[in-house]
file input-v3.pdb (PDB, C-alpha atoms and all ligand atoms)
MODEL        1
ATOM      1  CA  MET A 732       0.000   0.000   0.000
ATOM      2  CA  PHE A 733       1.062   3.555  -0.487
ATOM      3  CA  ALA A 734       0.436   6.779   1.434
ATOM      4  CA  PHE A 735      -0.592  10.104  -0.071
ATOM      5  CA  PRO A 736       2.018  12.871   0.032
ATOM      6  CA  THR A 737       1.500  15.287   2.919
ATOM      7  CA  GLN A 738       1.406  18.151   0.404
ATOM      8  CA  MET A 739       0.011  17.912  -3.139
ATOM      9  CA  LEU A 740       2.471  19.313  -5.692
ATOM     10  CA  LYS A 741       1.182  22.721  -6.733
ATOM     11  CA  VAL A 742      -0.198  22.879 -10.288
ATOM     12  CA  PHE A 743      -2.612  25.851 -10.148
ATOM     13  CA  LYS A 744      -0.913  29.251 -10.348
ATOM     14  CA  ASP A 745      -3.573  30.731  -8.069
ATOM     15  CA  GLU A 746      -3.218  29.533  -4.471
ATOM     16  CA  ALA A 747      -6.957  29.934  -3.681
ATOM     17  CA  ILE A 748      -7.891  27.709  -6.663
ATOM     18  CA  GLN A 749      -5.264  25.161  -5.627
ATOM     19  CA  GLN A 750      -6.718  25.014  -2.115
ATOM     20  CA  GLN A 751     -10.306  24.706  -3.294
ATOM     21  CA  PHE A 752      -9.281  21.901  -5.655
ATOM     22  CA  GLU A 753      -7.464  20.031  -2.884
ATOM     23  CA  LYS A 754     -10.435  20.386  -0.508
ATOM     24  CA  ASP A 755     -13.327  19.457  -2.842
ATOM     25  CA  GLY A 756     -11.540  17.348  -5.454
ATOM     26  CA  TYR A 757     -12.814  19.622  -8.228
ATOM     27  CA  VAL A 758     -13.094  23.257  -9.243
ATOM     28  CA  VAL A 759     -15.161  25.056 -11.927
ATOM     29  CA  LEU A 760     -13.448  27.781 -14.009
ATOM     30  CA  PRO A 761     -14.130  29.682 -17.278
ATOM     31  CA  PHE A 762     -12.136  27.990 -20.040
ATOM     32  CA  TYR A 763     -12.863  28.278 -23.792
ATOM     33  CA  THR A 764     -13.635  31.407 -25.812
ATOM     34  CA  GLU A 765     -16.529  31.375 -28.338
ATOM     35  CA  ALA A 766     -13.992  31.068 -31.173
ATOM     36  CA  GLU A 767     -12.299  28.053 -29.527
ATOM     37  CA  MET A 768     -15.660  26.345 -29.069
ATOM     38  CA  GLU A 769     -16.564  26.981 -32.697
ATOM     39  CA  GLU A 770     -13.268  25.430 -33.790
ATOM     40  CA  LEU A 771     -13.818  22.405 -31.524
ATOM     41  CA  ASN A 772     -17.366  21.884 -32.796
ATOM     42  CA  GLN A 773     -16.093  21.920 -36.366
ATOM     43  CA  LEU A 774     -13.341  19.495 -35.425
ATOM     44  CA  TYR A 775     -15.826  17.134 -33.783
ATOM     45  CA  TYR A 776     -18.133  17.026 -36.817
ATOM     46  CA  ARG A 777     -15.178  16.591 -39.190
ATOM     47  CA  LEU A 778     -13.591  13.731 -37.253
ATOM     48  CA  HIS A 779     -16.207  11.839 -35.292
ATOM     49  CA  PRO A 780     -17.306   8.533 -36.855
ATOM     50  CA  LYS A 781     -21.066   8.764 -37.544
ATOM     51  CA  SER A 782     -21.681   5.178 -36.474
ATOM     52  CA  GLU A 783     -20.701   5.724 -32.843
ATOM     53  CA  THR A 784     -23.595   6.431 -30.484
ATOM     54  CA  GLY A 785     -24.449   6.358 -26.768
ATOM     55  CA  PHE A 786     -21.652   7.371 -24.406
ATOM     56  CA  PHE A 787     -18.611   7.605 -26.627
ATOM     57  CA  PRO A 788     -15.175   8.973 -25.705
ATOM     58  CA  SER A 789     -12.765   9.220 -28.634
ATOM     59  CA  THR A 790     -10.310   7.102 -26.581
ATOM     60  CA  PHE A 791     -12.744   4.153 -27.094
ATOM     61  CA  SER A 792     -12.433   4.365 -30.864
ATOM     62  CA  GLN A 793     -10.666   1.551 -32.702
ATOM     63  CA  ASP A 794      -9.556   4.132 -35.266
ATOM     64  CA  LYS A 795      -6.122   5.293 -34.174
ATOM     65  CA  ASN A 796      -6.107   8.205 -36.646
ATOM     66  CA  TYR A 797      -9.257   9.592 -35.053
ATOM     67  CA  ARG A 798      -7.880   9.194 -31.518
ATOM     68  CA  THR A 799      -4.574  10.797 -32.486
ATOM     69  CA  GLU A 800      -5.962  13.743 -34.437
ATOM     70  CA  ALA A 801      -8.585  14.547 -31.775
ATOM     71  CA  ASP A 802      -5.843  14.335 -29.138
ATOM     72  CA  ARG A 803      -3.431  16.626 -31.003
ATOM     73  CA  GLU A 804      -5.993  19.284 -31.943
ATOM     74  CA  ILE A 805      -7.769  19.421 -28.567
ATOM     75  CA  ARG A 806      -4.449  19.753 -26.790
ATOM     76  CA  ARG A 807      -3.429  22.551 -29.169
ATOM     77  CA  ILE A 808      -6.637  24.494 -28.471
ATOM     78  CA  CYS A 809      -6.348  23.866 -24.710
ATOM     79  CA  ASP A 810      -2.828  25.310 -24.560
ATOM     80  CA  ARG A 811      -4.001  28.908 -24.099
ATOM     81  CA  PRO A 812      -6.461  28.387 -21.189
ATOM     82  CA  MET A 813      -4.203  25.791 -19.553
ATOM     83  CA  GLU A 814      -1.245  28.169 -19.659
ATOM     84  CA  HIS A 815      -3.488  30.756 -18.012
ATOM     85  CA  TYR A 816      -4.293  28.599 -14.955
ATOM     86  CA  LEU A 817      -1.547  26.014 -14.605
ATOM     87  CA  GLU A 818       2.180  25.600 -14.013
ATOM     88  CA  ASN A 819       4.690  22.731 -13.782
ATOM     89  CA  ILE A 820       2.445  20.350 -15.683
ATOM     90  CA  LYS A 821       2.400  18.111 -18.722
ATOM     91  CA  THR A 822      -0.704  17.458 -20.818
ATOM     92  CA  VAL A 823      -1.038  13.855 -21.841
ATOM     93  CA  LEU A 824      -4.448  13.583 -23.490
ATOM     94  CA  GLY A 825      -7.080  15.515 -25.387
ATOM     95  CA  ALA A 826     -10.317  13.662 -26.176
ATOM     96  CA  PHE A 827     -13.944  14.197 -27.093
ATOM     97  CA  ILE A 828     -16.703  12.610 -25.034
ATOM     98  CA  ALA A 829     -20.027  12.508 -26.868
ATOM     99  CA  LYS A 830     -23.434  11.577 -25.486
ATOM    100  CA  THR A 831     -26.012  11.010 -28.167
ATOM    101  CA  PRO A 832     -29.673  11.093 -27.046
ATOM    102  CA  GLY A 833     -30.929   7.837 -25.552
ATOM    103  CA  PRO A 834     -30.736   5.564 -22.533
ATOM    104  CA  GLU A 835     -27.371   4.054 -23.504
ATOM    105  CA  SER A 836     -25.577   7.365 -23.016
ATOM    106  CA  GLY A 837     -25.366   7.187 -19.196
ATOM    107  CA  MET A 838     -22.039   6.644 -17.443
ATOM    108  CA  CYS A 839     -22.093   4.644 -14.202
ATOM    109  CA  VAL A 840     -20.768   5.833 -10.815
ATOM    110  CA  HIS A 841     -16.989   5.440 -10.887
ATOM    111  CA  GLN A 842     -13.536   6.850 -10.198
ATOM    112  CA  ASP A 843     -11.164   7.153 -13.139
ATOM    113  CA  MET A 844      -8.391   4.613 -13.487
ATOM    114  CA  SER A 845      -5.065   5.432 -11.816
ATOM    115  CA  LEU A 846      -2.632   6.849 -14.353
ATOM    116  CA  VAL A 847       0.130   8.148 -12.121
ATOM    117  CA  ASP A 848       1.909   7.101  -8.987
ATOM    118  CA  GLU A 849      -0.482   8.739  -6.492
ATOM    119  CA  SER A 850       1.999   8.475  -3.643
ATOM    120  CA  ARG A 851       3.627  11.488  -5.335
ATOM    121  CA  TYR A 852       1.387  12.934  -8.029
ATOM    122  CA  THR A 853      -2.229  13.728  -8.927
ATOM    123  CA  GLY A 854      -3.968  13.039 -12.238
ATOM    124  CA  ILE A 855      -6.437  15.753 -13.242
ATOM    125  CA  ASN A 856      -9.111  15.957 -15.954
ATOM    126  CA  ILE A 857     -10.358  19.181 -17.497
ATOM    127  CA  TRP A 858     -13.883  18.384 -18.603
ATOM    128  CA  VAL A 859     -15.465  21.122 -20.742
ATOM    129  CA  PRO A 860     -18.898  20.991 -22.424
ATOM    130  CA  LEU A 861     -19.463  22.668 -25.790
ATOM    131  CA  CYS A 862     -23.134  23.281 -24.903
ATOM    132  CA  ASP A 863     -24.913  24.518 -21.762
ATOM    133  CA  LEU A 864     -25.484  21.619 -19.391
ATOM    134  CA  THR A 865     -28.565  20.487 -17.503
ATOM    135  CA  VAL A 866     -29.541  17.346 -15.619
ATOM    136  CA  GLN A 867     -31.603  16.446 -18.686
ATOM    137  CA  ASN A 868     -28.749  16.460 -21.197
ATOM    138  CA  GLY A 869     -26.430  14.405 -19.018
ATOM    139  CA  THR A 870     -24.278  16.760 -17.011
ATOM    140  CA  LEU A 871     -21.534  15.544 -14.677
ATOM    141  CA  PHE A 872     -22.435  14.654 -11.074
ATOM    142  CA  VAL A 873     -19.620  14.631  -8.498
ATOM    143  CA  LEU A 874     -19.299  13.646  -4.864
ATOM    144  CA  PRO A 875     -17.415  16.606  -3.350
ATOM    145  CA  GLY A 876     -14.581  15.507  -1.072
ATOM    146  CA  SER A 877     -14.696  11.868  -2.224
ATOM    147  CA  HIS A 878     -11.236  12.054  -3.837
ATOM    148  CA  ARG A 879      -8.411  10.554  -1.823
ATOM    149  CA  GLN A 880     -10.719   8.927   0.717
ATOM    150  CA  PHE A 881      -8.339   5.983   0.618
ATOM    151  CA  PRO A 882      -5.111   5.341  -1.261
ATOM    152  CA  THR A 883      -6.499   3.284  -4.148
ATOM    153  CA  TYR A 884      -5.205   1.495  -7.188
ATOM    154  CA  ARG A 885      -7.919   1.861  -9.807
ATOM    155  CA  GLY A 886      -8.625   0.158 -13.100
ATOM    156  CA  SER A 887     -11.579  -1.688 -14.605
ATOM    157  CA  SER A 888     -10.292  -5.034 -13.256
ATOM    158  CA  ILE A 889      -9.960  -3.763  -9.651
ATOM    159  CA  PRO A 890     -12.968  -3.754  -7.244
ATOM    160  CA  GLU A 891     -13.958  -0.209  -6.247
ATOM    161  CA  PHE A 892     -14.029   0.711  -2.570
ATOM    162  CA  PHE A 893     -17.696   1.735  -2.818
ATOM    163  CA  GLU A 894     -18.817  -1.417  -4.626
ATOM    164  CA  LYS A 895     -21.120  -2.475  -1.765
ATOM    165  CA  VAL A 896     -22.920   0.890  -1.762
ATOM    166  CA  ASN A 897     -22.789   1.566  -5.465
ATOM    167  CA  ASP A 898     -26.571   1.947  -5.848
ATOM    168  CA  ALA A 899     -26.994   4.151  -2.774
ATOM    169  CA  MET A 900     -24.126   6.360  -3.943
ATOM    170  CA  ILE A 901     -26.099   8.192  -6.657
ATOM    171  CA  ASP A 902     -28.185   9.890  -3.961
ATOM    172  CA  TYR A 903     -25.105  11.687  -2.626
ATOM    173  CA  LEU A 904     -23.806  13.089  -5.898
ATOM    174  CA  GLN A 905     -24.205  16.742  -6.910
ATOM    175  CA  PRO A 906     -24.947  17.931 -10.451
ATOM    176  CA  VAL A 907     -22.474  20.457 -11.842
ATOM    177  CA  ILE A 908     -24.632  22.815 -13.870
ATOM    178  CA  ILE A 909     -22.318  24.858 -16.076
ATOM    179  CA  LYS A 910     -22.422  26.831 -19.314
ATOM    180  CA  ALA A 911     -20.725  25.948 -22.597
ATOM    181  CA  GLY A 912     -17.002  26.682 -22.336
ATOM    182  CA  GLU A 913     -16.782  26.421 -18.531
ATOM    183  CA  ALA A 914     -14.480  23.720 -17.188
ATOM    184  CA  VAL A 915     -14.680  21.217 -14.366
ATOM    185  CA  PHE A 916     -11.120  20.423 -13.287
ATOM    186  CA  PHE A 917     -11.426  17.190 -11.321
ATOM    187  CA  ASP A 918      -9.102  14.848  -9.463
ATOM    188  CA  GLN A 919      -9.259  11.449 -11.156
ATOM    189  CA  SER A 920     -10.035   9.811  -7.845
ATOM    190  CA  ILE A 921     -13.235  11.807  -7.247
ATOM    191  CA  ILE A 922     -16.417   9.712  -7.443
ATOM    192  CA  HIS A 923     -18.509  10.849 -10.392
ATOM    193  CA  PHE A 924     -21.245   9.815 -12.765
ATOM    194  CA  SER A 925     -23.385  11.213 -15.584
ATOM    195  CA  PRO A 926     -26.982  10.226 -16.427
ATOM    196  CA  PRO A 927     -28.187   9.609 -19.983
ATOM    197  CA  ASN A 928     -28.872  12.469 -22.349
ATOM    198  CA  TYR A 929     -32.688  12.785 -22.345
ATOM    199  CA  THR A 930     -32.813  15.617 -24.889
ATOM    200  CA  ASN A 931     -32.897  15.498 -28.690
ATOM    201  CA  ASP A 932     -29.490  17.150 -29.078
ATOM    202  CA  ILE A 933     -26.038  15.658 -28.835
ATOM    203  CA  ARG A 934     -23.906  16.650 -25.818
ATOM    204  CA  ILE A 935     -20.231  17.094 -26.712
ATOM    205  CA  VAL A 936     -17.465  17.582 -24.162
ATOM    206  CA  THR A 937     -13.711  17.833 -24.425
ATOM    207  CA  ASN A 938     -11.667  16.063 -21.788
ATOM    208  CA  THR A 939      -8.019  16.962 -21.354
ATOM    209  CA  TYR A 940      -5.857  15.093 -18.932
ATOM    210  CA  PHE A 941      -2.781  16.536 -17.242
ATOM    211  CA  THR A 942      -0.490  15.842 -14.356
ATOM    212  CA  HIS A 943       2.665  17.219 -12.756
ATOM    213  CA  LYS A 944       5.506  17.526 -15.286
ATOM    214  CA  GLU A 945       7.648  14.964 -13.450
ATOM    215  CA  ALA A 946       4.921  12.354 -12.949
ATOM    216  CA  GLU A 947       5.572   8.789 -13.978
ATOM    217  CA  PHE A 948       2.800   7.035 -15.815
ATOM    218  CA  ARG A 949       1.425   3.925 -14.097
ATOM    219  CA  THR A 950      -1.537   1.564 -14.584
ATOM    220  CA  TYR A 951      -2.717  -1.311 -12.387
ATOM    221  CA  PHE A 952      -4.275  -4.693 -13.048
ATOM    222  CA  TYR A 953      -5.985  -7.200 -10.749
ATOM    223  CA  ASP A 954      -6.343 -10.814 -11.733
ATOM    224  CA  LYS A 955      -9.709 -11.761 -10.220
ATOM    225  CA  ASN A 956      -8.696 -15.427 -10.096
ATOM    226  CA  SER A 957      -5.839 -14.555  -7.803
ATOM    227  CA  ALA A 958      -6.195 -15.045  -4.064
ATOM    228  CA  LEU A 959      -3.497 -12.431  -3.461
ATOM    229  CA  GLN A 960      -4.002  -9.091  -1.713
ATOM    230  CA  SER A 961      -2.053  -7.352  -4.444
ATOM    231  CA  VAL A 962      -2.291  -5.801  -7.906
ATOM    232  CA  GLU A 963       0.170  -5.739 -10.768
ATOM    233  CA  GLU A 964       1.793  -2.393 -11.540
ATOM    234  CA  PHE A 965       2.738  -1.327 -15.082
ATOM    235  CA  GLU A 966       5.004   1.436 -16.273
ATOM    236  CA  GLN A 967       3.456   3.148 -19.304
ATOM    237  CA  ASN A 968       4.735   5.866 -21.569
ATOM    238  CA  ASP A 969       3.127   9.298 -21.928
ATOM    239  CA  SER A 970       1.198   8.383 -25.074
ATOM    240  CA  PHE A 971      -0.578   5.527 -23.240
ATOM    241  CA  MET A 972      -4.004   7.187 -23.389
ATOM    242  CA  THR A 973      -4.035   7.488 -27.180
ATOM    243  CA  ASP A 974      -2.038   4.312 -27.923
ATOM    244  CA  PHE A 975      -4.032   1.978 -25.677
ATOM    245  CA  GLU A 976      -6.274  -0.226 -27.822
ATOM    246  CA  GLN A 977      -8.119  -1.902 -24.957
ATOM    247  CA  PHE A 978     -10.440   0.921 -23.832
ATOM    248  CA  GLY A 979     -13.090   0.051 -26.405
ATOM    249  CA  ALA A 980     -12.457  -3.722 -26.198
ATOM    250  CA  ASN A 981     -10.972  -6.125 -23.616
ATOM    251  CA  ILE A 982     -10.748  -3.379 -21.031
ATOM    252  CA  HIS A 983     -10.796  -5.951 -18.182
ATOM    253  CA  ASP A 984      -7.870  -7.934 -19.591
ATOM    254  CA  ARG A 985      -4.248  -7.668 -18.502
ATOM    255  CA  PRO A 986      -2.736  -4.695 -20.415
ATOM    256  CA  LYS A 987      -0.964  -5.736 -23.592
ATOM    257  CA  VAL A 988       1.285  -2.653 -23.429
ATOM    258  CA  GLY A 989       3.655  -1.311 -20.803
ATOM    259  CA  LYS A 990       6.340  -2.886 -18.650
ATOM    260  CA  SER A 991       5.286  -4.921 -15.622
ATOM    261  CA  LEU A 992       6.919  -3.648 -12.433
ATOM    262  CA  GLY A 993       5.633  -6.634 -10.464
ATOM    263  CA  MET A 994       3.045  -6.986  -7.721
ATOM    264  CA  VAL A 995       2.247  -4.316  -5.119
ATOM    265  CA  ASP A 996       0.294  -4.936  -1.904
ATOM    266  CA  TYR A 997      -3.287  -3.706  -1.858
ATOM    267  CA  ASP A 998      -5.829  -4.146   0.914
ATOM    268  CA  PHE A 999      -8.951  -3.495  -1.237
ATOM    269  CA  PRO A1000     -10.669  -0.910   1.024
ATOM    270  CA  SER A1001     -14.444  -1.149   1.206
ATOM    271  CA  ILE A1002     -17.120   1.112   2.712
ATOM    272  CA  ASN A1003     -20.700   0.480   3.886
ATOM    273  CA  SER A1004     -23.813   2.673   3.989
ATOM    274  CA  GLU A1005     -22.966   3.998   7.494
ATOM    275  CA  TYR A1006     -19.678   5.346   6.121
ATOM    276  CA  LEU A1007     -21.552   7.044   3.284
ATOM    277  CA  GLU A1008     -24.071   8.600   5.662
ATOM    278  CA  LYS A1009     -21.362   9.804   8.041
ATOM    279  CA  HIS A1010     -18.985  11.359   5.509
ATOM    280  CA  PHE A1011     -21.237  12.763   2.788
ATOM    281  CA  THR A1012     -24.413  14.812   2.387
ATOM    282  CA  ARG A1013     -27.479  13.314   0.769
ATOM    283  CA  THR A1014     -28.607  15.253  -2.332
ATOM    284  CA  HIS A1015     -31.494  13.024  -3.521
ATOM    285  CA  ALA A1016     -29.944  13.099  -6.979
ATOM    286  CA  ARG A1017     -31.897  10.012  -8.054
ATOM    287  CA  GLN A1018     -35.149  11.963  -7.783
ATOM    288  CA  LEU A1019     -33.602  14.920  -9.603
ATOM    289  CA  ILE A1020     -32.723  12.669 -12.529
ATOM    290  CA  ALA A1021     -36.081  10.874 -12.518
ATOM    291  CA  ASP A1022     -37.783  14.289 -12.603
ATOM    292  CA  ALA A1023     -35.915  15.079 -15.818
ATOM    293  CA  VAL A1024     -37.613  12.197 -17.623
ATOM    294  CA  PRO A1025     -41.371  12.144 -16.960
ATOM    295  CA  LYS A1026     -41.965  15.256 -19.063
ATOM    296  CA  LEU A1027     -40.980  13.138 -22.026
ATOM    297  CA  GLU A1028     -42.635   9.990 -20.746
ATOM    298  CA  THR A1029     -46.109  11.505 -20.366
ATOM    299  CA  GLU A1030     -46.222  12.964 -23.894
ATOM    300  CA  GLU A1031     -49.349  11.481 -25.508
ATOM    301  CA  THR A1032     -47.708  11.515 -28.905
ATOM    302  CA  HIS A1033     -45.026   8.932 -28.165
ATOM    303  CA  SER A1034     -45.157   5.694 -30.051
ATOM    304  CA  PRO A1035     -44.928   2.427 -28.021
ATOM    305  CA  LYS A1036     -41.291   2.117 -29.120
ATOM    306  CA  GLU A1037     -40.434   5.583 -27.797
ATOM    307  CA  LYS A1038     -42.297   4.870 -24.566
ATOM    308  CA  ASN A1039     -40.144   1.815 -24.143
ATOM    309  CA  ILE A1040     -36.998   3.944 -24.486
ATOM    310  CA  PHE A1041     -38.214   6.375 -21.811
ATOM    311  CA  GLN A1042     -39.018   3.488 -19.493
ATOM    312  CA  ARG A1043     -35.463   2.201 -19.899
ATOM    313  CA  MET A1044     -34.117   5.657 -19.062
ATOM    314  CA  LEU A1045     -36.154   5.662 -15.857
ATOM    315  CA  ASP A1046     -34.973   2.169 -14.981
ATOM    316  CA  LEU A1047     -31.393   3.394 -15.087
ATOM    317  CA  VAL A1048     -31.929   5.811 -12.212
ATOM    318  CA  ARG A1049     -34.409   3.834 -10.079
TER
HETATM  319  O1  LIG A1101     -18.674  12.829 -20.056
HETATM  320  C1  LIG A1101     -19.329  12.289 -19.174
HETATM  321  O2  LIG A1101     -20.554  12.315 -19.160
HETATM  322  C2  LIG A1101     -18.659  11.576 -18.034
HETATM  323  C3  LIG A1101     -17.179  11.600 -18.132
HETATM  324  C4  LIG A1101     -16.539  10.672 -17.185
HETATM  325  O3  LIG A1101     -17.147  10.037 -16.365
HETATM  326  C5  LIG A1101     -15.094  10.511 -17.230
HETATM  327  O4  LIG A1101     -14.449  11.152 -18.076
HETATM  328  O5  LIG A1101     -14.555   9.746 -16.436
ENDMDL
END
call {"tool": "encode", "arguments": {"input": "input-v3.pdb", "output": "structure tokens", "more": "lines below"}}
Ligand SMILES: O=C(O)CCC(=O)C(=O)O
result
Amino acid sequence: MFAFPTQMLKVFKDEAIQQQFEKDGYVVLPFYTEAEMEELNQLYYRLHPKSETGFFPSTFSQDKNYRTEADREIRRICDRPMEHYLENIKTVLGAFIAKTPGPESGMCVHQDMSLVDESRYTGINIWVPLCDLTVQNGTLFVLPGSHRQFPTYRGSSIPEFFEKVNDAMIDYLQPVIIKAGEAVFFDQSIIHFSPPNYTNDIRIVTNTYFTHKEAEFRTYFYDKNSALQSVEEFEQNDSFMTDFEQFGANIHDRPKVGKSLGMVDYDFPSINSEYLEKHFTRTHARQLIADAVPKLETEETHSPKEKNIFQRMLDLVR
């Protein structure tokens, strides 16, 4: 097991922003100009494969040219606002995350996979919508202060510490209602989720990932057939996020890239509902999300097929 550093390495130029980020695990800041958003929208419609629907990050694409071009161009456009807020960092990914209308566009409650050695560094996402966000079009919900609850190794093969309370968790998350071009900077270990897009319009977001300039890239794998209290650590290079072919397929398998550094001890922390109640504030988010759907569900004009879709959306949050 590892321990967090006593002091997070400073990455925000402004001390007040740095402190707010460390306390809550996220911070909201103005980010893109109108012209930058226009350029990003054009880029999205030029590059994005038409066949991909639901919840679709460009990192999931099997088309390496798409992943690479989206990465390069988003990073280029992010340079200006990132330079404005940040110091001593390196940017290692630019990606689109699209949510087309429909029940399949929800993203479950999760923490992002570990990408750095968190005994020394922090991995941070800059998540920026290109349209105004509402609960109905699938905004981000976060659990303030849930980052760094425990030192965790995270990856799709590793049980999450809130697995036992996964369903109850939604009711503690807070929607982040922001305008197009505003950014949520969030610690990768914060618990977050986003409901399906219940509107008729696509929701497009850019997600840029950065970390401290000296950070070493690491990923972790747990073999569920193993009886060991340990996970396997891999050294990865900085282009891991765009090179990795397993996001869209075989995500639970042992990584086919990177250098194994061997096994590290892990005690698989786990919380119960009392822990949730004691440490976090209930927001009744489930009701908030359910309320976003009935307006559509009660429309007389819906065909039986459409009604079925709305029912499936409701099922996701009940
Ligand atoms: O874009 C979204 O709706 C959710 C994004 C997310 O969960 C992530 O990037 O980890």
call {"tool": "resolve_selection", "arguments": {"input": "input-v3.pdb", "expression": "the PyMOL selection byres (((not hetatm)) within 10 of (chain A and resi 1101))", "output": "ChimeraX atom specification"}}
result
/A:786-788,826-830,836-844,856-860,868-873,917,919-928,934-940
call {"tool": "atom_distance", "arguments": {"input": "input-v3.pdb", "atom1": "atom CA of Asn931 of chain A", "atom2": "atom CA of Ala1016 of chain A"}}
result
22.0 Å
call {"tool": "axis_aligned_box", "arguments": {"input": "input-v3.pdb", "around": "segment 754-773 of chain A", "padding_each_side": "8 Å", "output": "JSON"}}
result
{"center_x": -13.9, "center_y": 24.4, "center_z": -18.4, "size_x": 22.9, "size_y": 30.1, "size_z": 51.9}
call {"tool": "closest_residue", "arguments": {"input": "input-v3.pdb", "among": "A:Leu874, A:Ala980, A:Leu861, A:Val742", "to": "Gln773 of chain A", "atoms": "all atoms listed in the file"}}
result
A:Leu861
call {"tool": "resolve_selection", "arguments": {"input": "input-v3.pdb", "expression": "the PyMOL selection byres (((chain A and resi 754-766) around 7) and not hetatm)", "output": "number ranges by chain"}}
result
A: 750-753, 767-770, 812, 875-876, 878, 912-918, 921
call {"tool": "build_atoms", "arguments": {"input": "input-v3.pdb", "residues": "segment 823-835 of chain A", "atoms": "N, CA, C and O atoms", "output": "mmCIF file, keeping the file's coordinate frame"}}
result
data_model
loop_
_atom_site.group_PDB
_atom_site.id
_atom_site.type_symbol
_atom_site.label_atom_id
_atom_site.label_comp_id
_atom_site.auth_asym_id
_atom_site.auth_seq_id
_atom_site.Cartn_x
_atom_site.Cartn_y
_atom_site.Cartn_z
ATOM 1 N N VAL A 823 -1.284 15.149 -21.202
ATOM 2 C CA VAL A 823 -1.038 13.855 -21.841
ATOM 3 C C VAL A 823 -2.223 13.319 -22.635
ATOM 4 O O VAL A 823 -2.120 12.264 -23.234
ATOM 5 N N LEU A 824 -3.322 14.059 -22.673
ATOM 6 C CA LEU A 824 -4.448 13.583 -23.490
ATOM 7 C C LEU A 824 -5.423 14.706 -23.795
ATOM 8 O O LEU A 824 -5.744 15.506 -22.931
ATOM 9 N N GLY A 825 -5.910 14.710 -25.030
ATOM 10 C CA GLY A 825 -7.080 15.515 -25.387
ATOM 11 C C GLY A 825 -8.066 14.555 -26.029
ATOM 12 O O GLY A 825 -7.685 13.767 -26.900
ATOM 13 N N ALA A 826 -9.332 14.603 -25.612
ATOM 14 C CA ALA A 826 -10.317 13.662 -26.176
ATOM 15 C C ALA A 826 -11.687 14.320 -26.219
ATOM 16 O O ALA A 826 -11.968 15.249 -25.456
ATOM 17 N N PHE A 827 -12.529 13.826 -27.115
ATOM 18 C CA PHE A 827 -13.944 14.197 -27.093
ATOM 19 C C PHE A 827 -14.693 13.149 -26.278
ATOM 20 O O PHE A 827 -14.316 11.962 -26.284
ATOM 21 N N ILE A 828 -15.758 13.586 -25.601
ATOM 22 C CA ILE A 828 -16.703 12.610 -25.034
ATOM 23 C C ILE A 828 -18.088 13.036 -25.514
ATOM 24 O O ILE A 828 -18.572 14.118 -25.171
ATOM 25 N N ALA A 829 -18.702 12.182 -26.330
ATOM 26 C CA ALA A 829 -20.027 12.508 -26.868
ATOM 27 C C ALA A 829 -21.091 11.697 -26.138
ATOM 28 O O ALA A 829 -20.832 10.581 -25.685
ATOM 29 N N LYS A 830 -22.266 12.287 -26.031
ATOM 30 C CA LYS A 830 -23.434 11.577 -25.486
ATOM 31 C C LYS A 830 -24.549 11.823 -26.476
ATOM 32 O O LYS A 830 -25.079 12.942 -26.547
ATOM 33 N N THR A 831 -24.885 10.826 -27.259
ATOM 34 C CA THR A 831 -26.012 11.010 -28.167
ATOM 35 C C THR A 831 -27.291 10.734 -27.374
ATOM 36 O O THR A 831 -27.254 10.034 -26.357
ATOM 37 N N PRO A 832 -28.443 11.291 -27.809
ATOM 38 C CA PRO A 832 -29.673 11.093 -27.046
ATOM 39 C C PRO A 832 -30.029 9.609 -26.923
ATOM 40 O O PRO A 832 -29.855 8.854 -27.865
ATOM 41 N N GLY A 833 -30.493 9.220 -25.739
ATOM 42 C CA GLY A 833 -30.929 7.837 -25.552
ATOM 43 C C GLY A 833 -30.420 7.226 -24.276
ATOM 44 O O GLY A 833 -29.453 7.731 -23.694
ATOM 45 N N PRO A 834 -31.052 6.154 -23.831
ATOM 46 C CA PRO A 834 -30.736 5.564 -22.533
ATOM 47 C C PRO A 834 -29.341 4.972 -22.424
ATOM 48 O O PRO A 834 -28.827 4.805 -21.322
ATOM 49 N N GLU A 835 -28.708 4.664 -23.577
ATOM 50 C CA GLU A 835 -27.371 4.054 -23.504
ATOM 51 C C GLU A 835 -26.277 5.073 -23.233
ATOM 52 O O GLU A 835 -25.107 4.713 -23.133
#
